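> Got coords_27.txt for you, compact mmCIF, N, CA and C atoms:
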```
# COMPACT_ATOMS: atom_id res chain seq x y z
N MET A 1 -0.60 5.98 14.05
CA MET A 1 0.73 5.55 13.63
C MET A 1 1.57 6.78 13.29
N PRO A 2 2.71 6.93 13.92
CA PRO A 2 3.56 8.08 13.64
C PRO A 2 4.05 8.08 12.21
N ALA A 3 4.18 9.27 11.64
CA ALA A 3 4.61 9.41 10.26
C ALA A 3 5.98 8.78 10.04
N ALA A 4 6.82 8.78 11.07
CA ALA A 4 8.17 8.23 10.93
C ALA A 4 8.14 6.73 10.65
N GLU A 5 7.05 6.05 10.98
CA GLU A 5 6.96 4.61 10.78
C GLU A 5 6.40 4.24 9.41
N ILE A 6 6.07 5.22 8.60
CA ILE A 6 5.47 4.95 7.30
C ILE A 6 6.55 4.97 6.24
N ASN A 7 6.54 3.95 5.39
CA ASN A 7 7.58 3.80 4.37
C ASN A 7 6.91 3.50 3.04
N ALA A 8 7.18 4.28 2.02
CA ALA A 8 6.60 4.05 0.69
C ALA A 8 7.68 3.50 -0.24
N VAL A 9 7.29 2.53 -1.05
CA VAL A 9 8.21 1.89 -1.97
C VAL A 9 7.59 1.89 -3.36
N ALA A 10 8.35 2.26 -4.38
CA ALA A 10 7.87 2.19 -5.76
C ALA A 10 8.53 1.01 -6.45
N ILE A 11 7.74 0.23 -7.15
CA ILE A 11 8.24 -0.96 -7.84
C ILE A 11 7.88 -0.83 -9.31
N SER A 12 8.86 -0.95 -10.20
CA SER A 12 8.57 -0.95 -11.63
C SER A 12 8.17 -2.36 -12.03
N HIS A 13 7.17 -2.45 -12.88
CA HIS A 13 6.64 -3.76 -13.24
C HIS A 13 6.27 -3.75 -14.72
N ALA A 14 6.83 -4.67 -15.47
CA ALA A 14 6.50 -4.80 -16.89
C ALA A 14 6.44 -6.28 -17.22
N HIS A 15 5.39 -6.70 -17.92
CA HIS A 15 5.28 -8.10 -18.33
C HIS A 15 4.22 -8.23 -19.42
N LEU A 16 4.17 -9.42 -20.00
CA LEU A 16 3.13 -9.73 -20.97
C LEU A 16 2.01 -10.47 -20.26
N ASP A 17 0.79 -10.16 -20.61
CA ASP A 17 -0.37 -10.81 -19.99
C ASP A 17 -1.37 -11.12 -21.09
N HIS A 18 -2.39 -11.84 -20.73
CA HIS A 18 -3.44 -12.19 -21.69
C HIS A 18 -4.78 -11.67 -21.19
N CYS A 19 -5.53 -11.08 -22.09
CA CYS A 19 -6.85 -10.54 -21.77
C CYS A 19 -7.78 -10.89 -22.92
N GLY A 20 -8.77 -11.73 -22.65
CA GLY A 20 -9.70 -12.12 -23.71
C GLY A 20 -9.02 -12.81 -24.86
N GLY A 21 -7.98 -13.59 -24.57
CA GLY A 21 -7.26 -14.31 -25.61
C GLY A 21 -6.23 -13.47 -26.35
N GLU A 22 -6.13 -12.21 -26.02
CA GLU A 22 -5.19 -11.30 -26.69
C GLU A 22 -4.01 -11.03 -25.77
N GLU A 23 -2.79 -11.10 -26.33
CA GLU A 23 -1.59 -10.80 -25.55
C GLU A 23 -1.42 -9.29 -25.46
N ILE A 24 -1.23 -8.80 -24.26
CA ILE A 24 -1.05 -7.35 -24.06
C ILE A 24 0.22 -7.11 -23.25
N SER A 25 0.85 -5.98 -23.50
CA SER A 25 2.03 -5.57 -22.75
C SER A 25 1.56 -4.70 -21.59
N VAL A 26 1.95 -5.09 -20.39
CA VAL A 26 1.56 -4.33 -19.20
C VAL A 26 2.78 -3.56 -18.72
N GLN A 27 2.66 -2.24 -18.68
CA GLN A 27 3.70 -1.36 -18.16
C GLN A 27 3.09 -0.65 -16.98
N ALA A 28 3.64 -0.88 -15.80
CA ALA A 28 3.02 -0.31 -14.60
C ALA A 28 4.07 0.04 -13.57
N GLU A 29 3.74 0.99 -12.74
CA GLU A 29 4.53 1.28 -11.54
C GLU A 29 3.61 1.04 -10.36
N ILE A 30 4.04 0.20 -9.47
CA ILE A 30 3.22 -0.15 -8.32
C ILE A 30 3.81 0.56 -7.11
N ASP A 31 3.01 1.37 -6.46
CA ASP A 31 3.44 2.03 -5.23
C ASP A 31 2.89 1.26 -4.05
N GLU A 32 3.77 0.90 -3.16
CA GLU A 32 3.38 0.14 -1.99
C GLU A 32 3.67 0.99 -0.76
N VAL A 33 2.69 1.15 0.09
CA VAL A 33 2.88 1.90 1.32
C VAL A 33 2.91 0.90 2.46
N GLU A 34 4.09 0.74 3.05
CA GLU A 34 4.24 -0.20 4.15
C GLU A 34 3.95 0.49 5.48
N TYR A 35 3.47 -0.26 6.41
CA TYR A 35 3.25 0.21 7.78
C TYR A 35 2.22 1.33 7.86
N PHE A 36 1.24 1.30 7.01
CA PHE A 36 0.20 2.33 7.05
C PHE A 36 -1.12 1.65 7.34
N SER A 37 -1.74 1.99 8.42
CA SER A 37 -2.97 1.35 8.85
C SER A 37 -4.18 2.05 8.24
N VAL A 38 -5.16 1.26 7.82
CA VAL A 38 -6.41 1.85 7.34
C VAL A 38 -7.19 2.46 8.50
N HIS A 39 -6.72 2.22 9.70
CA HIS A 39 -7.38 2.77 10.88
C HIS A 39 -6.71 4.05 11.38
N ALA A 40 -5.90 4.66 10.54
CA ALA A 40 -5.24 5.91 10.90
C ALA A 40 -6.30 7.00 11.08
N ASP A 41 -6.09 7.87 12.06
CA ASP A 41 -7.04 8.97 12.25
C ASP A 41 -6.59 10.18 11.43
N LYS A 42 -7.37 11.24 11.54
CA LYS A 42 -7.10 12.45 10.75
C LYS A 42 -5.68 12.96 10.95
N ASP A 43 -5.23 13.02 12.18
CA ASP A 43 -3.89 13.55 12.46
C ASP A 43 -2.80 12.64 11.90
N ASP A 44 -3.01 11.31 11.93
CA ASP A 44 -2.04 10.38 11.35
C ASP A 44 -1.94 10.58 9.84
N VAL A 45 -3.08 10.72 9.17
CA VAL A 45 -3.08 10.91 7.72
C VAL A 45 -2.41 12.25 7.36
N ARG A 46 -2.73 13.30 8.11
CA ARG A 46 -2.12 14.61 7.86
C ARG A 46 -0.61 14.55 8.06
N ALA A 47 -0.15 13.88 9.13
CA ALA A 47 1.28 13.77 9.40
C ALA A 47 1.97 13.00 8.28
N TRP A 48 1.32 11.94 7.80
CA TRP A 48 1.88 11.15 6.70
C TRP A 48 2.02 12.02 5.45
N LEU A 49 1.01 12.80 5.13
CA LEU A 49 1.07 13.67 3.95
C LEU A 49 2.12 14.75 4.10
N HIS A 50 2.25 15.32 5.30
CA HIS A 50 3.28 16.34 5.52
C HIS A 50 4.68 15.75 5.37
N SER A 51 4.85 14.46 5.68
CA SER A 51 6.18 13.84 5.61
C SER A 51 6.50 13.29 4.23
N ALA A 52 5.53 13.26 3.33
CA ALA A 52 5.74 12.67 2.00
C ALA A 52 6.71 13.51 1.18
N VAL A 53 7.73 12.87 0.66
CA VAL A 53 8.68 13.55 -0.22
C VAL A 53 7.96 13.97 -1.50
N ILE A 54 7.20 13.05 -2.06
CA ILE A 54 6.36 13.33 -3.22
C ILE A 54 4.92 12.99 -2.82
N PRO A 55 4.10 13.99 -2.54
CA PRO A 55 2.74 13.71 -2.10
C PRO A 55 1.91 13.08 -3.22
N PRO A 56 0.93 12.27 -2.87
CA PRO A 56 0.08 11.67 -3.90
C PRO A 56 -0.73 12.72 -4.63
N LYS A 57 -1.10 12.42 -5.87
CA LYS A 57 -1.93 13.34 -6.65
C LYS A 57 -3.40 13.18 -6.29
N LYS A 58 -3.74 11.99 -5.78
CA LYS A 58 -5.13 11.70 -5.46
C LYS A 58 -5.18 10.74 -4.29
N ILE A 59 -6.17 10.91 -3.44
CA ILE A 59 -6.41 10.00 -2.32
C ILE A 59 -7.83 9.48 -2.45
N ILE A 60 -7.99 8.18 -2.24
CA ILE A 60 -9.32 7.58 -2.26
C ILE A 60 -9.59 7.03 -0.86
N LEU A 61 -10.57 7.62 -0.18
CA LEU A 61 -10.94 7.18 1.16
C LEU A 61 -12.04 6.14 1.05
N VAL A 62 -11.72 4.90 1.42
CA VAL A 62 -12.69 3.81 1.27
C VAL A 62 -13.09 3.17 2.59
N HIS A 63 -12.53 3.64 3.68
CA HIS A 63 -12.78 3.02 4.98
C HIS A 63 -13.36 4.05 5.94
N GLY A 64 -14.42 3.70 6.62
CA GLY A 64 -15.02 4.60 7.60
C GLY A 64 -16.43 5.00 7.23
N GLU A 65 -17.08 5.65 8.16
CA GLU A 65 -18.45 6.13 7.95
C GLU A 65 -18.45 7.29 6.95
N ASP A 66 -19.54 7.42 6.21
CA ASP A 66 -19.64 8.46 5.18
C ASP A 66 -19.39 9.86 5.73
N ASP A 67 -20.00 10.18 6.88
CA ASP A 67 -19.82 11.52 7.47
C ASP A 67 -18.36 11.78 7.83
N ALA A 68 -17.70 10.78 8.41
CA ALA A 68 -16.30 10.93 8.81
C ALA A 68 -15.40 11.06 7.59
N ARG A 69 -15.66 10.26 6.55
CA ARG A 69 -14.86 10.36 5.33
C ARG A 69 -15.07 11.72 4.67
N GLY A 70 -16.29 12.22 4.68
CA GLY A 70 -16.57 13.53 4.10
C GLY A 70 -15.84 14.65 4.84
N ALA A 71 -15.80 14.54 6.16
CA ALA A 71 -15.10 15.55 6.96
C ALA A 71 -13.59 15.50 6.69
N LEU A 72 -13.04 14.28 6.62
CA LEU A 72 -11.61 14.14 6.34
C LEU A 72 -11.29 14.63 4.93
N LYS A 73 -12.17 14.36 3.99
CA LYS A 73 -11.99 14.84 2.62
C LYS A 73 -11.87 16.36 2.61
N ALA A 74 -12.76 17.04 3.31
CA ALA A 74 -12.74 18.51 3.35
C ALA A 74 -11.43 19.03 3.95
N VAL A 75 -10.96 18.39 5.02
CA VAL A 75 -9.70 18.81 5.65
C VAL A 75 -8.53 18.63 4.69
N LEU A 76 -8.44 17.44 4.06
CA LEU A 76 -7.31 17.15 3.19
C LEU A 76 -7.30 18.03 1.94
N GLU A 77 -8.47 18.23 1.34
CA GLU A 77 -8.55 19.10 0.16
C GLU A 77 -8.17 20.53 0.51
N GLY A 78 -8.63 21.00 1.67
CA GLY A 78 -8.32 22.37 2.07
C GLY A 78 -6.88 22.58 2.46
N GLU A 79 -6.31 21.63 3.17
CA GLU A 79 -4.94 21.79 3.67
C GLU A 79 -3.87 21.44 2.64
N PHE A 80 -4.16 20.46 1.78
CA PHE A 80 -3.14 19.96 0.86
C PHE A 80 -3.44 20.23 -0.61
N SER A 81 -4.59 20.82 -0.91
CA SER A 81 -4.99 21.07 -2.30
C SER A 81 -4.84 19.80 -3.14
N ILE A 82 -5.36 18.72 -2.62
CA ILE A 82 -5.24 17.41 -3.25
C ILE A 82 -6.63 16.88 -3.58
N GLN A 83 -6.75 16.13 -4.66
CA GLN A 83 -8.04 15.55 -5.03
C GLN A 83 -8.32 14.36 -4.11
N VAL A 84 -9.48 14.37 -3.46
CA VAL A 84 -9.88 13.29 -2.57
C VAL A 84 -11.22 12.76 -3.02
N GLN A 85 -11.30 11.44 -3.18
CA GLN A 85 -12.55 10.80 -3.56
C GLN A 85 -13.05 9.93 -2.41
N THR A 86 -14.37 9.88 -2.26
CA THR A 86 -15.00 9.05 -1.24
C THR A 86 -16.09 8.21 -1.91
N PRO A 87 -15.70 7.12 -2.56
CA PRO A 87 -16.68 6.31 -3.29
C PRO A 87 -17.69 5.66 -2.35
N GLY A 88 -18.88 5.44 -2.89
CA GLY A 88 -19.91 4.76 -2.13
C GLY A 88 -19.73 3.25 -2.17
N TYR A 89 -20.56 2.56 -1.44
CA TYR A 89 -20.54 1.10 -1.35
C TYR A 89 -20.66 0.48 -2.74
N GLU A 90 -19.75 -0.39 -3.08
CA GLU A 90 -19.68 -1.12 -4.36
C GLU A 90 -19.50 -0.19 -5.57
N GLU A 91 -19.13 1.05 -5.36
CA GLU A 91 -18.86 1.97 -6.47
C GLU A 91 -17.50 1.62 -7.09
N THR A 92 -17.42 1.64 -8.39
CA THR A 92 -16.18 1.36 -9.12
C THR A 92 -15.59 2.67 -9.61
N LEU A 93 -14.28 2.82 -9.40
CA LEU A 93 -13.57 4.03 -9.84
C LEU A 93 -12.49 3.67 -10.85
N PRO A 94 -12.35 4.46 -11.90
CA PRO A 94 -11.21 4.23 -12.80
C PRO A 94 -9.93 4.69 -12.12
N LEU A 95 -8.86 3.95 -12.35
CA LEU A 95 -7.58 4.33 -11.73
C LEU A 95 -6.74 5.13 -12.67
```
Starting from the file, lay out its structure as C-alpha cells.

Amino acid sequence: MPAAEINAVAISHAHLDHCGGEEISVQAEIDEVEYFSVHADKDDVRAWLHSAVIPPKKIILVHGEDDARGALKAVLEGEFSIQVQTPGYEETLPL
C-alpha cells in the first residue's frame, strides 16, 4: 500500500466508566490509522514511517512469522531509532 494512501486520525475521548463497581474518569486519545493493511511489507511500513508527520514512539509487530517480524524489527530500529516490540503468542503488553 503506497504511503500516500495512509491516513492517521487522532480522536480525543473522555467519559465516565465503571470498573469493579467504581466510577472512573477515562481520559484518552485514540489514534486511528485508516487504510493501513496488516499485510504491508517492509517497504510499505518504511514508506509509511518516512511519510509520518509525527512518527510513533513505539511499534508493536503482532502479525507474521517470528523470523520475519524479528528481521523487520531490526530494520525499523536501525533506520528510525524507534522502539519495536514483537510479542509472542498470547503475550500481554502494557500500553
> Quote the spacing between CA of Glu22 in chain A and CA of Glu91 in chain A in Å to one decimal place.
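It comes out at 27.8 Å.
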> For range 54-64 of chain A, list every protein, DNA or RNA residue within 7 Å, evaluated using only C-alpha atoms, and leave out those in the same chain fewer than 2 positions away; present the list as a PDB file with N, CA and C atoms, in the frame of the given file.

```pdb
ATOM      1  N   VAL A  38      -5.160   1.260   7.820  1.00  0.00           N
ATOM      2  CA  VAL A  38      -6.410   1.850   7.340  1.00  0.00           C
ATOM      3  C   VAL A  38      -7.190   2.460   8.500  1.00  0.00           C
ATOM      4  N   LEU A  49       1.010  12.800   5.130  1.00  0.00           N
ATOM      5  CA  LEU A  49       1.070  13.670   3.950  1.00  0.00           C
ATOM      6  C   LEU A  49       2.120  14.750   4.100  1.00  0.00           C
ATOM      7  N   ALA A  52       5.530  13.260   3.330  1.00  0.00           N
ATOM      8  CA  ALA A  52       5.740  12.670   2.000  1.00  0.00           C
ATOM      9  C   ALA A  52       6.710  13.510   1.180  1.00  0.00           C
ATOM     10  N   ASP A  66     -19.540   7.420   6.210  1.00  0.00           N
ATOM     11  CA  ASP A  66     -19.640   8.460   5.180  1.00  0.00           C
ATOM     12  C   ASP A  66     -19.390   9.860   5.730  1.00  0.00           C
ATOM     13  N   ALA A  68     -17.700  10.780   8.410  1.00  0.00           N
ATOM     14  CA  ALA A  68     -16.300  10.930   8.810  1.00  0.00           C
ATOM     15  C   ALA A  68     -15.400  11.060   7.590  1.00  0.00           C
ATOM     16  N   ARG A  69     -15.660  10.260   6.550  1.00  0.00           N
ATOM     17  CA  ARG A  69     -14.860  10.360   5.330  1.00  0.00           C
ATOM     18  C   ARG A  69     -15.070  11.720   4.670  1.00  0.00           C
ATOM     19  N   ILE A  82      -5.360  18.720  -2.620  1.00  0.00           N
ATOM     20  CA  ILE A  82      -5.240  17.410  -3.250  1.00  0.00           C
ATOM     21  C   ILE A  82      -6.630  16.880  -3.580  1.00  0.00           C
ATOM     22  N   GLN A  83      -6.750  16.130  -4.660  1.00  0.00           N
ATOM     23  CA  GLN A  83      -8.040  15.550  -5.030  1.00  0.00           C
ATOM     24  C   GLN A  83      -8.320  14.360  -4.110  1.00  0.00           C
ATOM     25  N   VAL A  84      -9.480  14.370  -3.460  1.00  0.00           N
ATOM     26  CA  VAL A  84      -9.880  13.290  -2.570  1.00  0.00           C
ATOM     27  C   VAL A  84     -11.220  12.760  -3.020  1.00  0.00           C
ATOM     28  N   GLN A  85     -11.300  11.440  -3.180  1.00  0.00           N
ATOM     29  CA  GLN A  85     -12.550  10.800  -3.560  1.00  0.00           C
ATOM     30  C   GLN A  85     -13.050   9.930  -2.410  1.00  0.00           C
ATOM     31  N   THR A  86     -14.370   9.880  -2.260  1.00  0.00           N
ATOM     32  CA  THR A  86     -15.000   9.050  -1.240  1.00  0.00           C
ATOM     33  C   THR A  86     -16.090   8.210  -1.910  1.00  0.00           C
ATOM     34  N   PRO A  87     -15.700   7.120  -2.560  1.00  0.00           N
ATOM     35  CA  PRO A  87     -16.680   6.310  -3.290  1.00  0.00           C
ATOM     36  C   PRO A  87     -17.690   5.660  -2.350  1.00  0.00           C
TER      37      PRO A  87
END
```
> How many Å separate CA of Glu65 in chain A from CA of Val45 in chain A?
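Separation of CA of Glu65 in chain A and CA of Val45 in chain A: 16.1 Å.
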> Would you mind reading off the distance between CA of Arg46 in chain A and CA of Leu76 in chain A, one decimal, in Å?
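CA of Arg46 in chain A sits 7.4 Å away from CA of Leu76 in chain A.
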> Just checking: using only C-alpha atoms, which residue out of A:Gly88, A:Ser25, A:Pro94, A:His18 ends up closest to Asp67 in chain A?
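Residue with the minimum atom-to-atom distance to Asp67 in chain A: A:Gly88.
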